[in-house]
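S.K.: Here you go, this is entry.csv (CSV, C-alpha atoms).
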chain,number,residue,atom,x,y,z
A,4,MET,CA,-28.7,-14.5,-4.5
A,5,VAL,CA,-27.6,-13.7,-8.1
A,6,GLU,CA,-29.9,-12.3,-10.7
A,7,PHE,CA,-29.4,-11.7,-14.4
A,8,ASP,CA,-30.6,-8.7,-16.5
A,9,GLU,CA,-31.7,-8.9,-20.1
A,10,SER,CA,-28.1,-8.5,-21.4
A,11,GLY,CA,-26.8,-11.4,-19.3
A,12,THR,CA,-25.1,-9.1,-16.7
A,13,MET,CA,-25.3,-10.5,-13.2
A,14,ARG,CA,-26.4,-8.3,-10.4
A,15,ARG,CA,-26.1,-8.9,-6.7
A,16,ARG,CA,-28.4,-7.8,-3.9
A,17,ARG,CA,-27.3,-5.0,-1.7
A,18,THR,CA,-25.8,-6.0,1.6
A,19,CYS,CA,-25.2,-2.6,3.1
A,20,GLY,CA,-27.4,0.5,3.2
A,21,CYS,CA,-24.7,2.9,2.1
A,22,ALA,CA,-25.6,2.8,-1.6
A,23,SER,CA,-28.8,3.1,-3.6
A,24,GLY,CA,-28.4,-0.3,-5.1
A,25,PRO,CA,-25.9,-3.1,-5.9
A,26,PRO,CA,-23.2,-2.4,-8.6
A,27,GLU,CA,-23.4,-4.2,-11.9
A,28,ILE,CA,-21.0,-7.1,-12.1
A,29,ASP,CA,-19.4,-9.2,-14.8
A,30,SER,CA,-19.3,-13.0,-15.2
A,31,ASN,CA,-16.5,-13.1,-12.6
A,32,TYR,CA,-18.6,-11.1,-10.1
A,33,LYS,CA,-16.2,-8.2,-10.6
A,34,ALA,CA,-17.8,-4.7,-10.2
A,35,LEU,CA,-18.2,-2.7,-13.4
A,36,GLU,CA,-18.4,0.6,-11.4
A,37,LEU,CA,-16.4,2.2,-8.6
A,38,ARG,CA,-18.6,3.6,-5.9
A,39,VAL,CA,-16.3,5.7,-3.7
A,40,LEU,CA,-19.1,6.8,-1.3
A,41,SER,CA,-20.4,3.3,-0.7
A,42,CYS,CA,-19.3,0.8,2.0
A,43,GLN,CA,-21.3,-2.1,0.4
A,44,ARG,CA,-19.8,-5.6,0.6
A,45,PRO,CA,-17.9,-7.0,-1.0
A,46,HIS,CA,-16.6,-4.6,-3.7
A,47,SER,CA,-16.8,-1.2,-2.1
A,48,ARG,CA,-15.9,-2.5,1.4
A,49,ALA,CA,-12.8,-4.2,0.0
A,50,PHE,CA,-11.9,-0.9,-1.8
A,51,HIS,CA,-12.0,1.1,1.3
A,52,CYS,CA,-10.4,-1.5,3.6
A,53,SER,CA,-7.6,-1.8,1.0
A,54,TRP,CA,-6.7,1.8,0.8
A,55,ILE,CA,-7.1,2.4,4.5
A,56,SER,CA,-4.9,-0.5,5.3
A,57,PHE,CA,-2.2,0.7,2.9
A,58,PHE,CA,-2.6,4.2,4.3
A,59,VAL,CA,-1.9,2.9,7.8
A,60,SER,CA,1.0,0.9,6.5
A,61,PHE,CA,2.6,4.0,5.0
A,62,PHE,CA,1.9,5.9,8.2
A,63,VAL,CA,3.8,3.2,10.1
A,64,TRP,CA,6.5,2.8,7.5
A,65,PHE,CA,7.6,6.4,7.7
A,66,SER,CA,6.6,7.3,11.2
A,67,VAL,CA,10.2,7.2,12.3
A,68,VAL,CA,11.3,9.8,9.7
A,69,PRO,CA,10.0,12.9,11.7
A,70,LEU,CA,11.8,11.5,14.8
A,71,LEU,CA,15.2,11.2,13.2
A,72,PRO,CA,16.5,14.7,14.1
A,73,TYR,CA,15.6,14.0,17.8
A,74,MET,CA,17.2,10.6,17.6
A,75,GLN,CA,20.3,12.0,16.0
A,76,ALA,CA,20.7,14.5,18.8
A,77,SER,CA,20.1,12.0,21.6
A,78,LEU,CA,22.2,9.2,20.2
A,79,GLY,CA,25.0,11.2,18.5
A,80,LEU,CA,24.2,9.8,15.1
A,81,SER,CA,25.8,11.3,11.9
A,82,ASN,CA,24.0,12.3,8.8
A,83,ASN,CA,25.5,9.2,7.1
A,84,ASP,CA,23.9,7.0,9.7
A,85,LEU,CA,20.5,8.5,8.9
A,86,TRP,CA,21.0,8.0,5.2
A,87,ILE,CA,21.9,4.4,5.7
A,88,SER,CA,18.8,3.9,7.8
A,89,ASN,CA,16.7,5.2,4.9
A,90,ILE,CA,18.3,2.6,2.7
A,91,PHE,CA,17.5,-0.2,5.2
A,92,ASN,CA,14.0,1.1,5.4
A,93,LEU,CA,13.5,0.3,1.7
A,94,ILE,CA,15.0,-3.2,1.6
A,95,PRO,CA,12.2,-5.4,0.2
A,96,ILE,CA,12.7,-8.4,2.5
A,97,GLU,CA,9.0,-9.4,2.3
A,98,ARG,CA,7.8,-8.6,-1.2
A,99,LEU,CA,9.0,-11.8,-3.0
A,100,VAL,CA,6.8,-14.0,-0.9
A,101,VAL,CA,3.8,-11.6,-0.3
A,102,GLY,CA,2.2,-12.4,-3.7
A,103,PRO,CA,2.3,-16.2,-3.4
A,104,LEU,CA,1.1,-15.9,0.2
A,105,ILE,CA,-2.0,-13.9,-0.9
A,106,ASP,CA,-2.6,-16.7,-3.5
A,107,ARG,CA,-2.6,-19.2,-0.7
A,108,TYR,CA,-4.2,-17.3,2.3
A,109,GLY,CA,-6.1,-14.4,0.8
A,110,PRO,CA,-5.7,-10.6,1.1
A,111,ARG,CA,-7.3,-10.2,4.6
A,112,ARG,CA,-5.0,-12.6,6.3
A,113,VAL,CA,-1.9,-11.2,4.7
A,114,PHE,CA,-2.9,-7.6,5.5
A,115,LEU,CA,-3.4,-8.6,9.1
A,116,ALA,CA,0.0,-10.4,9.2
A,117,LEU,CA,2.0,-7.6,7.6
A,118,LEU,CA,0.4,-4.9,9.7
A,119,SER,CA,1.0,-6.9,12.9
A,120,MET,CA,4.6,-7.7,12.0
A,121,ALA,CA,5.3,-4.0,11.2
A,122,ALA,CA,3.6,-2.9,14.4
A,123,VAL,CA,6.0,-4.8,16.6
A,124,PRO,CA,9.3,-3.1,15.6
A,125,THR,CA,7.4,0.3,15.4
A,126,ALA,CA,6.4,-0.1,19.1
A,127,LEU,CA,10.1,-1.0,19.9
A,128,THR,CA,11.5,2.2,18.4
A,129,GLY,CA,12.1,3.5,21.9
A,130,LEU,CA,14.7,0.7,22.5
A,131,VAL,CA,17.1,2.0,19.8
A,132,ASN,CA,20.5,3.0,21.3
A,133,SER,CA,22.8,2.9,18.3
A,134,ALA,CA,23.0,3.5,14.5
A,135,VAL,CA,23.0,-0.3,13.8
A,136,GLY,CA,19.9,-0.7,16.0
A,137,LEU,CA,18.2,2.1,14.0
A,138,TRP,CA,19.1,0.5,10.7
A,139,PHE,CA,17.7,-2.9,11.5
A,140,LEU,CA,14.7,-1.4,13.2
A,141,ARG,CA,13.7,0.5,10.1
A,142,MET,CA,14.4,-2.6,7.9
A,143,PHE,CA,11.8,-4.6,9.9
A,144,ILE,CA,9.4,-1.7,10.0
A,145,GLY,CA,9.7,-1.7,6.2
A,146,ILE,CA,7.8,-5.0,6.1
A,147,ALA,CA,4.7,-2.6,6.0
A,148,GLY,CA,5.7,-1.8,2.4
A,149,GLY,CA,4.6,-5.3,1.3
A,150,THR,CA,1.0,-4.2,1.8
A,151,PHE,CA,1.1,-2.5,-1.6
A,152,VAL,CA,1.1,-5.9,-3.2
A,153,VAL,CA,-1.9,-6.9,-1.2
A,154,CYS,CA,-4.0,-3.8,-2.0
A,155,GLN,CA,-3.3,-4.0,-5.7
A,156,TYR,CA,-4.1,-7.7,-5.8
A,157,TRP,CA,-7.3,-7.2,-3.8
A,158,SER,CA,-8.7,-4.4,-6.0
A,159,THR,CA,-7.8,-6.4,-9.2
A,160,ALA,CA,-9.9,-9.3,-7.8
A,161,MET,CA,-12.8,-7.0,-7.1
A,162,PHE,CA,-13.1,-4.7,-10.1
A,163,ALA,CA,-13.6,-5.5,-13.8
A,164,PRO,CA,-10.8,-4.7,-16.4
A,165,SER,CA,-12.8,-1.7,-17.6
A,166,ILE,CA,-12.2,0.2,-14.3
A,167,VAL,CA,-9.4,-1.7,-12.6
A,168,GLY,CA,-6.9,1.0,-13.5
A,169,LYS,CA,-8.9,3.6,-11.8
A,170,ALA,CA,-9.6,1.3,-8.8
A,171,ASN,CA,-5.9,0.4,-8.4
A,172,GLY,CA,-4.9,4.0,-8.9
A,173,PHE,CA,-7.1,5.4,-6.1
A,174,VAL,CA,-6.3,2.5,-3.8
A,175,GLY,CA,-2.6,2.9,-4.2
A,176,GLY,CA,-2.7,6.7,-4.2
A,177,TRP,CA,-4.9,7.2,-1.2
A,178,GLY,CA,-2.8,4.6,0.6
A,179,ASN,CA,0.4,6.4,-0.4
A,180,LEU,CA,-1.1,9.5,1.2
A,181,GLY,CA,-0.2,8.0,4.5
A,182,GLY,CA,3.4,8.8,3.9
A,183,GLY,CA,2.7,12.6,3.8
A,184,VAL,CA,0.2,12.4,6.6
A,185,THR,CA,2.6,10.7,9.0
A,186,LEU,CA,5.1,13.5,8.5
A,187,LEU,CA,2.5,16.0,9.4
A,188,VAL,CA,0.8,14.1,12.3
A,189,MET,CA,4.0,12.6,13.9
A,190,GLY,CA,6.3,15.6,13.3
A,191,SER,CA,4.0,18.5,13.6
A,192,GLY,CA,1.3,17.1,15.9
A,193,LEU,CA,2.1,14.1,18.1
A,194,MET,CA,5.8,14.8,18.8
A,195,PRO,CA,5.2,18.5,19.9
A,196,LEU,CA,2.3,17.3,22.0
A,197,PHE,CA,4.4,14.6,23.8
A,198,LEU,CA,7.2,17.2,24.3
A,199,LYS,CA,4.7,19.3,26.5
A,200,PHE,CA,4.6,16.4,29.0
A,201,MET,CA,8.0,14.8,28.9
A,202,PRO,CA,11.7,15.3,28.0
A,203,VAL,CA,12.8,15.0,24.4
A,204,GLU,CA,14.4,11.6,24.6
A,205,ARG,CA,11.4,10.1,26.4
A,206,ALA,CA,9.0,11.6,23.9
A,207,TRP,CA,10.6,10.1,20.8
A,208,ARG,CA,11.0,6.8,22.6
A,209,THR,CA,7.3,6.5,23.3
A,210,VAL,CA,5.4,8.4,20.6
A,211,SER,CA,5.8,5.5,18.1
A,212,LEU,CA,3.4,3.4,20.3
A,213,VAL,CA,0.6,5.4,18.6
A,214,PRO,CA,1.2,4.2,15.0
A,215,ALA,CA,1.9,0.7,16.3
A,216,ALA,CA,-1.5,0.5,18.0
A,217,LEU,CA,-3.1,2.0,14.9
A,218,ALA,CA,-1.6,-0.8,12.7
A,219,LEU,CA,-2.9,-3.5,15.0
A,220,ILE,CA,-6.4,-2.1,15.2
A,221,THR,CA,-6.5,-1.7,11.4
A,222,GLY,CA,-5.3,-5.2,10.7
A,223,VAL,CA,-7.9,-6.8,12.9
A,224,SER,CA,-10.7,-4.6,11.7
A,225,VAL,CA,-10.0,-5.3,8.0
A,226,PHE,CA,-9.9,-9.0,8.7
A,227,LEU,CA,-13.2,-9.0,10.5
A,228,LEU,CA,-15.2,-6.6,8.3
A,229,SER,CA,-14.3,-7.4,4.7
A,230,ASP,CA,-14.2,-10.2,2.1
A,231,ASP,CA,-11.3,-11.8,0.2
A,232,SER,CA,-13.4,-12.5,-2.9
A,233,PRO,CA,-16.4,-11.0,-4.7
A,234,ILE,CA,-17.8,-14.5,-5.3
A,235,PRO,CA,-20.8,-15.2,-3.0
A,236,SER,CA,-20.2,-17.9,-0.3
A,237,LYS,CA,-16.6,-18.5,-1.6
A,238,ALA,CA,-14.7,-15.6,0.0
A,239,HIS,CA,-11.5,-17.7,0.4
A,240,GLN,CA,-8.1,-17.3,-1.2
A,241,ARG,CA,-8.5,-19.9,-3.9
A,242,SER,CA,-11.6,-18.3,-5.5
A,243,THR,CA,-9.8,-14.9,-5.4
A,244,ARG,CA,-6.8,-16.4,-7.1
A,245,ARG,CA,-8.9,-17.8,-10.0
A,246,LEU,CA,-10.1,-14.2,-10.7
A,247,ILE,CA,-6.5,-13.1,-11.4
A,248,VAL,CA,-4.6,-16.2,-12.6
A,249,ASP,CA,-5.7,-18.2,-15.7
A,250,GLU,CA,-6.6,-21.8,-14.9
A,251,GLY,CA,-3.7,-23.1,-17.0
A,252,GLU,CA,-1.2,-20.9,-15.3
A,253,GLN,CA,-2.6,-21.7,-11.9
A,254,GLN,CA,-1.5,-25.2,-12.2
A,255,LYS,CA,2.1,-24.0,-12.7
A,256,THR,CA,2.1,-21.9,-9.5
A,257,ASP,CA,1.0,-24.3,-6.7
A,258,THR,CA,3.8,-23.4,-4.3
A,259,ILE,CA,5.5,-20.2,-3.3
A,260,LYS,CA,8.7,-21.3,-5.0
A,261,ASP,CA,6.8,-22.1,-8.3
A,262,SER,CA,5.1,-18.7,-8.1
A,263,ILE,CA,8.3,-16.8,-7.7
A,264,TRP,CA,10.0,-18.7,-10.5
A,265,PHE,CA,7.0,-18.4,-12.8
A,266,ALA,CA,7.1,-14.6,-12.4
A,267,ALA,CA,10.9,-14.3,-12.6
A,268,ARG,CA,11.1,-16.0,-16.0
A,269,LYS,CA,8.9,-13.4,-17.6
A,270,PRO,CA,10.7,-10.4,-19.2
A,271,ALA,CA,7.8,-8.1,-18.4
A,272,THR,CA,8.4,-8.7,-14.7
A,273,TRP,CA,11.9,-7.2,-14.9
A,274,PHE,CA,10.8,-4.5,-17.3
A,275,LEU,CA,8.2,-3.3,-14.8
A,276,PHE,CA,10.7,-3.8,-11.9
A,277,ILE,CA,12.9,-1.1,-13.5
A,278,HIS,CA,10.0,1.2,-14.1
A,279,TYR,CA,8.7,0.8,-10.6
A,280,MET,CA,12.2,1.5,-9.1
A,281,MET,CA,12.4,4.7,-11.1
A,282,CYS,CA,9.0,6.1,-10.1
A,283,PHE,CA,7.9,4.7,-6.7
A,284,GLY,CA,11.5,4.3,-5.6
A,285,VAL,CA,12.1,8.0,-6.1
A,286,GLU,CA,9.0,8.8,-4.1
A,287,LEU,CA,10.1,6.7,-1.2
A,288,THR,CA,13.5,8.2,-1.2
A,289,MET,CA,12.1,11.7,-1.1
A,290,LEU,CA,9.7,10.9,1.8
A,291,GLY,CA,12.7,9.6,3.8
A,292,ALA,CA,14.9,12.6,3.1
A,293,ILE,CA,12.9,15.7,2.4
A,294,GLY,CA,12.2,16.7,6.0
A,295,LYS,CA,15.9,16.6,7.0
A,296,TYR,CA,16.7,18.6,3.8
A,297,PHE,CA,14.4,21.5,4.9
A,298,THR,CA,15.9,21.6,8.4
A,299,ASP,CA,19.5,21.5,7.1
A,300,VAL,CA,19.2,23.8,4.1
A,301,TYR,CA,16.5,26.2,5.1
A,302,GLY,CA,16.9,26.2,8.8
A,303,LEU,CA,13.3,25.2,9.5
A,304,THR,CA,12.3,23.7,12.9
A,305,ASN,CA,11.5,20.0,12.9
A,306,GLU,CA,7.8,20.8,13.3
A,307,ALA,CA,7.8,23.2,10.3
A,308,ALA,CA,9.9,21.0,8.2
A,309,SER,CA,7.6,18.0,8.7
A,310,ALA,CA,4.6,20.1,7.8
A,311,VAL,CA,6.2,21.4,4.6
A,312,ALA,CA,7.6,18.0,3.6
A,313,SER,CA,4.1,16.4,4.1
A,314,VAL,CA,2.9,18.3,1.0
A,315,PHE,CA,5.0,16.1,-1.2
A,316,GLY,CA,2.9,13.0,0.0
A,317,TRP,CA,-0.4,14.8,-0.5
A,318,MET,CA,0.0,14.7,-4.3
A,319,ASN,CA,-1.1,11.1,-4.1
A,320,LEU,CA,-4.6,12.4,-3.4
A,321,PHE,CA,-5.0,12.8,-7.1
A,322,ALA,CA,-1.8,11.6,-8.9
A,323,ARG,CA,-2.2,7.8,-8.9
A,324,GLY,CA,-5.9,7.9,-9.4
A,325,SER,CA,-5.4,10.2,-12.5
A,326,GLY,CA,-2.9,7.7,-13.9
A,327,GLY,CA,-5.3,4.8,-13.4
A,328,TRP,CA,-8.2,6.8,-14.9
A,329,ALA,CA,-6.1,7.7,-18.0
A,330,SER,CA,-5.0,4.1,-18.3
A,331,ASP,CA,-8.6,2.9,-18.4
A,332,ILE,CA,-9.5,5.4,-21.1
A,333,SER,CA,-6.6,4.3,-23.2
A,334,ASN,CA,-7.4,0.6,-22.7
A,335,SER,CA,-11.0,1.2,-23.8
A,336,ARG,CA,-9.9,2.7,-27.1
A,337,PHE,CA,-6.6,0.9,-27.9
A,338,GLY,CA,-6.5,-2.1,-25.6
A,339,LEU,CA,-3.3,-3.1,-23.7
A,340,LYS,CA,-1.2,-1.0,-26.0
A,341,GLY,CA,-3.1,2.0,-24.8
A,342,ARG,CA,-2.1,1.2,-21.2
A,343,ILE,CA,1.5,0.7,-22.2
A,344,TRP,CA,1.6,4.1,-24.0
A,345,THR,CA,0.0,5.8,-21.0
A,346,HIS,CA,2.5,4.2,-18.7
A,347,ALA,CA,5.3,5.5,-20.9
A,348,VAL,CA,3.9,9.0,-21.2
A,349,PHE,CA,3.7,9.4,-17.4
A,350,LEU,CA,7.2,8.1,-16.9
A,351,VAL,CA,8.5,10.7,-19.4
A,352,LEU,CA,6.5,13.4,-17.6
A,353,GLU,CA,8.1,12.3,-14.3
A,354,GLY,CA,11.6,12.6,-15.9
Could you write out this file's structure as structure tokens?
M.R.:
Amino acid sequence: MVEFDESGTMRRRRTCGCASGPPEIDSNYKALELRVLSCQRPHSRAFHCSWISFFVSFFVWFSVVPLLPYMQASLGLSNNDLWISNIFNLIPIERLVVGPLIDRYGPRRVFLALLSMAAVPTALTGLVNSAVGLWFLRMFIGIAGGTFVVCQYWSTAMFAPSIVGKANGFVGGWGNLGGGVTLLVMGSGLMPLFLKFMPVERAWRTVSLVPAALALITGVSVFLLSDDSPIPSKAHQRSTRRLIVDEGEQQKTDTIKDSIWFAARKPATWFLFIHYMMCFGVELTMLGAIGKYFTDVYGLTNEAASAVASVFGWMNLFARGSGGWASDISNSRFGLKGRIWTHAVFLVLEG
């Protein structure tokens, strides 16, 4: 049931008792406010399901990193082997098709698919017996990284342009937090716990079953408990797509091939590709290497190095959300140019 106020703004009835009332929505049913403490469907529920799914994806994606010193000792791997495995972990084998797949099947199904696909190689970590095996294992675990596309798409479909920067920032930032938490939990928590009950080699070969199970549970839960679209009674992928892609452009991107070609022809795509590589790419590289750096340079134990390295990931608790908040403020005053200048300023500050 949709109601209109005097200004023409549509309002929806509350469907969950976690908030005092439904959020205001625009003509596309997108929320005009971000309620972090609410689990109301569809907007707040999608917000929380999105960042939690991305958090678990990051947890899985980098769950092997705290285990690398143990794997190196057991398998006789060199430092170069470990560095190459970090490179394989970041090969974007899935990202070109994730966006078009969301257009076709919706965020929930793609989240479930990616988390399930990443869970399988994570569970098979214990079968690694060589450097090459480690490289390809981490490449397939890296499929989890494609969930970033899903979470940004989903929050864009759920929240109005006036707050979408903040929503995207917190969804991405709190999800990225999983990269720091997995170093702490896997390296300083679960691995030491497993070592109390079994030898080192058996411990690192079995501990990855925990993040694998977590990924499967999260994927199924998100699929069952959330909505693809904010539009009542039309929570399928096509309605979500219309909230992001203009009707004229939608006709040009009916297939996955057309979607990829449509994006590849735009200079802005490659401009943002370079910027993304220089900021998020640096973060991913740090997450993969920082723990080993602390053990080699400062002589910390694996447990202590994992705990210290996790602090780097914890910056996402506020960093991305702050960027989105600043972008929204700039957009409200200067339009898209304000977002571009905010983007530029933060890149300069990173440098």
S.K.: Got a sec: who's within 12 Å of A:Glu306, counting all atoms listed in the file, leaving out chain neighbours fewer than 3 positions off, as a list in words?
M.R.: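 Final neighbour list, sorted by chain and number: Pro69, Leu70, Pro72, Tyr73, Leu186, Leu187, Val188, Met189, Gly190, Ser191, Gly192, Leu193, Met194, Pro195, Leu196, Leu198, Gly294, Lys295, Phe297, Thr298, Gly302, Leu303, Ser309, Ala310, Val311, Ala312 and Ser313 of chain A.
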S.K.: Quick one: everything within 7 Å of stretch 259-265 of chain A, counting only C-alpha atoms, minus sequence neighbours fewer than 5 positions away in the same chain. Send it as a ChimeraX atom specification.
M.R.: /A:99-100,103
S.K.: Quick one: pull the distance between atom CA of A:Tyr301 and atom CA of A:Leu71, Å, one decimal.
M.R.: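 Calculated distance between atom CA of A:Tyr301 and atom CA of A:Leu71 is 17.1 Å.
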S.K.: Write out as a list in words which residues come within 10 Å of A:Trp86 when counting only C-alpha atoms, dropping same-chain ones fewer than 3 positions away.
M.R.: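 Listed by chain and then number, they are Ser81, Asn82, Asn83, Asn89, Ile90, Phe91, Asn92, Trp138, Thr288, Gly291 and Ala292 of chain A.
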S.K.: Export C-alpha atoms of the chosen residues as a PDB file, in the coordinates of the input?
M.R.:
ATOM      1  CA  SER A  81      25.800  11.300  11.900  1.00  0.00           C
ATOM      2  CA  ASN A  82      24.000  12.300   8.800  1.00  0.00           C
ATOM      3  CA  ASN A  83      25.500   9.200   7.100  1.00  0.00           C
ATOM      4  CA  ASN A  89      16.700   5.200   4.900  1.00  0.00           C
ATOM      5  CA  ILE A  90      18.300   2.600   2.700  1.00  0.00           C
ATOM      6  CA  PHE A  91      17.500  -0.200   5.200  1.00  0.00           C
ATOM      7  CA  ASN A  92      14.000   1.100   5.400  1.00  0.00           C
ATOM      8  CA  TRP A 138      19.100   0.500  10.700  1.00  0.00           C
ATOM      9  CA  THR A 288      13.500   8.200  -1.200  1.00  0.00           C
ATOM     10  CA  GLY A 291      12.700   9.600   3.800  1.00  0.00           C
ATOM     11  CA  ALA A 292      14.900  12.600   3.100  1.00  0.00           C
TER      12      ALA A 292
END
S.K.: Using only C-alpha atoms, pick whichever of A:Phe226, A:Phe173, A:Phe65, A:Phe283 has the shortest atom-to-atom distance to A:Ser119.
M.R.: A:Phe226
S.K.: Which of these, A:Asn171, A:Ser158, A:Ser224, A:Ser229, has the shortest distance to A:Ser325 once you count all atoms listed in the file?
M.R.: A:Asn171
S.K.: One decimal, in Å: what's the spacing between atom CA of A:Ala163 and atom CA of A:Ile105?
M.R.: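 Between atom CA of A:Ala163 and atom CA of A:Ile105 the gap works out to 19.3 Å.
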S.K.: Report as a list in words all protein, DNA and RNA residues lying within 6 Å of A:Phe162, evaluated on all atoms listed in the file, omitting residues in the same chain fewer than 4 positions from it.
M.R.: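 Near neighbours after the sequence-gap exclusion: Lys33, Ala34 and Val167 of chain A.
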S.K.: Show which residues sit within 12 Å of A:Glu353, as a PyMOL selection string. Count all atoms listed in the file, and ignore same-chain residues fewer than 3 positions away.
M.R.: chain A and resi 278+281-283+285-286+322+326+346-350
S.K.: Choose the residue, out of A:Leu35, A:Asp106, A:Leu137, A:Leu228, that has the smallest atom-to-atom separation from A:Pro124; count all atoms listed in the file.
M.R.: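 So, comparing all the options, the nearest one is A:Leu137.
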S.K.: Work out how far apart atom CA of A:Leu140 and atom CA of A:Ala267 are and give it in Å to one decimal.
M.R.: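 Interatomic distance here is 29.1 Å.
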S.K.: Which residue out of A:Gly79, A:Gly172, A:Gly145, A:Pro233 has the minimum interatomic distance to A:Arg48 when all atoms listed in the file are used?
M.R.: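 For A:Arg48, the nearest of the candidates is A:Pro233.
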S.K.: My list of candidates is A:Val223, A:Ala206, A:Leu127, A:Ile55. Which is closest to A:Phe151 when distances are computed with only C-alpha atoms?
M.R.: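 Among A:Val223, A:Ala206, A:Leu127, A:Ile55, it is A:Ile55 that comes nearest to A:Phe151.
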S.K.: Mind rebuilding stretch 278-291 of chain A with N, CA and C atoms and writing that out as a PDB file, in the frame of the given file?
M.R.:
ATOM      1  N   HIS A 278      10.928   0.072 -14.098  1.00  0.00           N
ATOM      2  CA  HIS A 278      10.000   1.200 -14.100  1.00  0.00           C
ATOM      3  C   HIS A 278       9.566   1.597 -12.718  1.00  0.00           C
ATOM      4  N   TYR A 279       9.222   0.583 -11.959  1.00  0.00           N
ATOM      5  CA  TYR A 279       8.700   0.800 -10.600  1.00  0.00           C
ATOM      6  C   TYR A 279       9.817   1.413  -9.718  1.00  0.00           C
ATOM      7  N   MET A 280      11.035   0.944  -9.902  1.00  0.00           N
ATOM      8  CA  MET A 280      12.200   1.500  -9.100  1.00  0.00           C
ATOM      9  C   MET A 280      12.365   2.964  -9.458  1.00  0.00           C
ATOM     10  N   MET A 281      12.156   3.337 -10.720  1.00  0.00           N
ATOM     11  CA  MET A 281      12.400   4.700 -11.100  1.00  0.00           C
ATOM     12  C   MET A 281      11.291   5.689 -10.752  1.00  0.00           C
ATOM     13  N   CYS A 282      10.113   5.185 -10.465  1.00  0.00           N
ATOM     14  CA  CYS A 282       9.000   6.100 -10.100  1.00  0.00           C
ATOM     15  C   CYS A 282       8.729   6.008  -8.599  1.00  0.00           C
ATOM     16  N   PHE A 283       8.253   4.860  -8.133  1.00  0.00           N
ATOM     17  CA  PHE A 283       7.900   4.700  -6.700  1.00  0.00           C
ATOM     18  C   PHE A 283       9.160   4.765  -5.847  1.00  0.00           C
ATOM     19  N   GLY A 284      10.275   4.235  -6.360  1.00  0.00           N
ATOM     20  CA  GLY A 284      11.500   4.300  -5.600  1.00  0.00           C
ATOM     21  C   GLY A 284      11.961   5.712  -5.320  1.00  0.00           C
ATOM     22  N   VAL A 285      11.782   6.583  -6.311  1.00  0.00           N
ATOM     23  CA  VAL A 285      12.100   8.000  -6.100  1.00  0.00           C
ATOM     24  C   VAL A 285      11.228   8.629  -5.073  1.00  0.00           C
ATOM     25  N   GLU A 286       9.936   8.284  -5.115  1.00  0.00           N
ATOM     26  CA  GLU A 286       9.000   8.800  -4.100  1.00  0.00           C
ATOM     27  C   GLU A 286       9.389   8.433  -2.712  1.00  0.00           C
ATOM     28  N   LEU A 287       9.716   7.157  -2.517  1.00  0.00           N
ATOM     29  CA  LEU A 287      10.100   6.700  -1.200  1.00  0.00           C
ATOM     30  C   LEU A 287      11.361   7.347  -0.693  1.00  0.00           C
ATOM     31  N   THR A 288      12.307   7.541  -1.587  1.00  0.00           N
ATOM     32  CA  THR A 288      13.500   8.200  -1.200  1.00  0.00           C
ATOM     33  C   THR A 288      13.280   9.649  -0.775  1.00  0.00           C
ATOM     34  N   MET A 289      12.408  10.326  -1.503  1.00  0.00           N
ATOM     35  CA  MET A 289      12.100  11.700  -1.100  1.00  0.00           C
ATOM     36  C   MET A 289      11.379  11.767   0.210  1.00  0.00           C
ATOM     37  N   LEU A 290      10.447  10.864   0.473  1.00  0.00           N
ATOM     38  CA  LEU A 290       9.700  10.900   1.800  1.00  0.00           C
ATOM     39  C   LEU A 290      10.702  10.688   2.926  1.00  0.00           C
ATOM     40  N   GLY A 291      11.726   9.884   2.717  1.00  0.00           N
ATOM     41  CA  GLY A 291      12.700   9.600   3.800  1.00  0.00           C
ATOM     42  C   GLY A 291      13.662  10.750   4.030  1.00  0.00           C
TER      43      GLY A 291
END
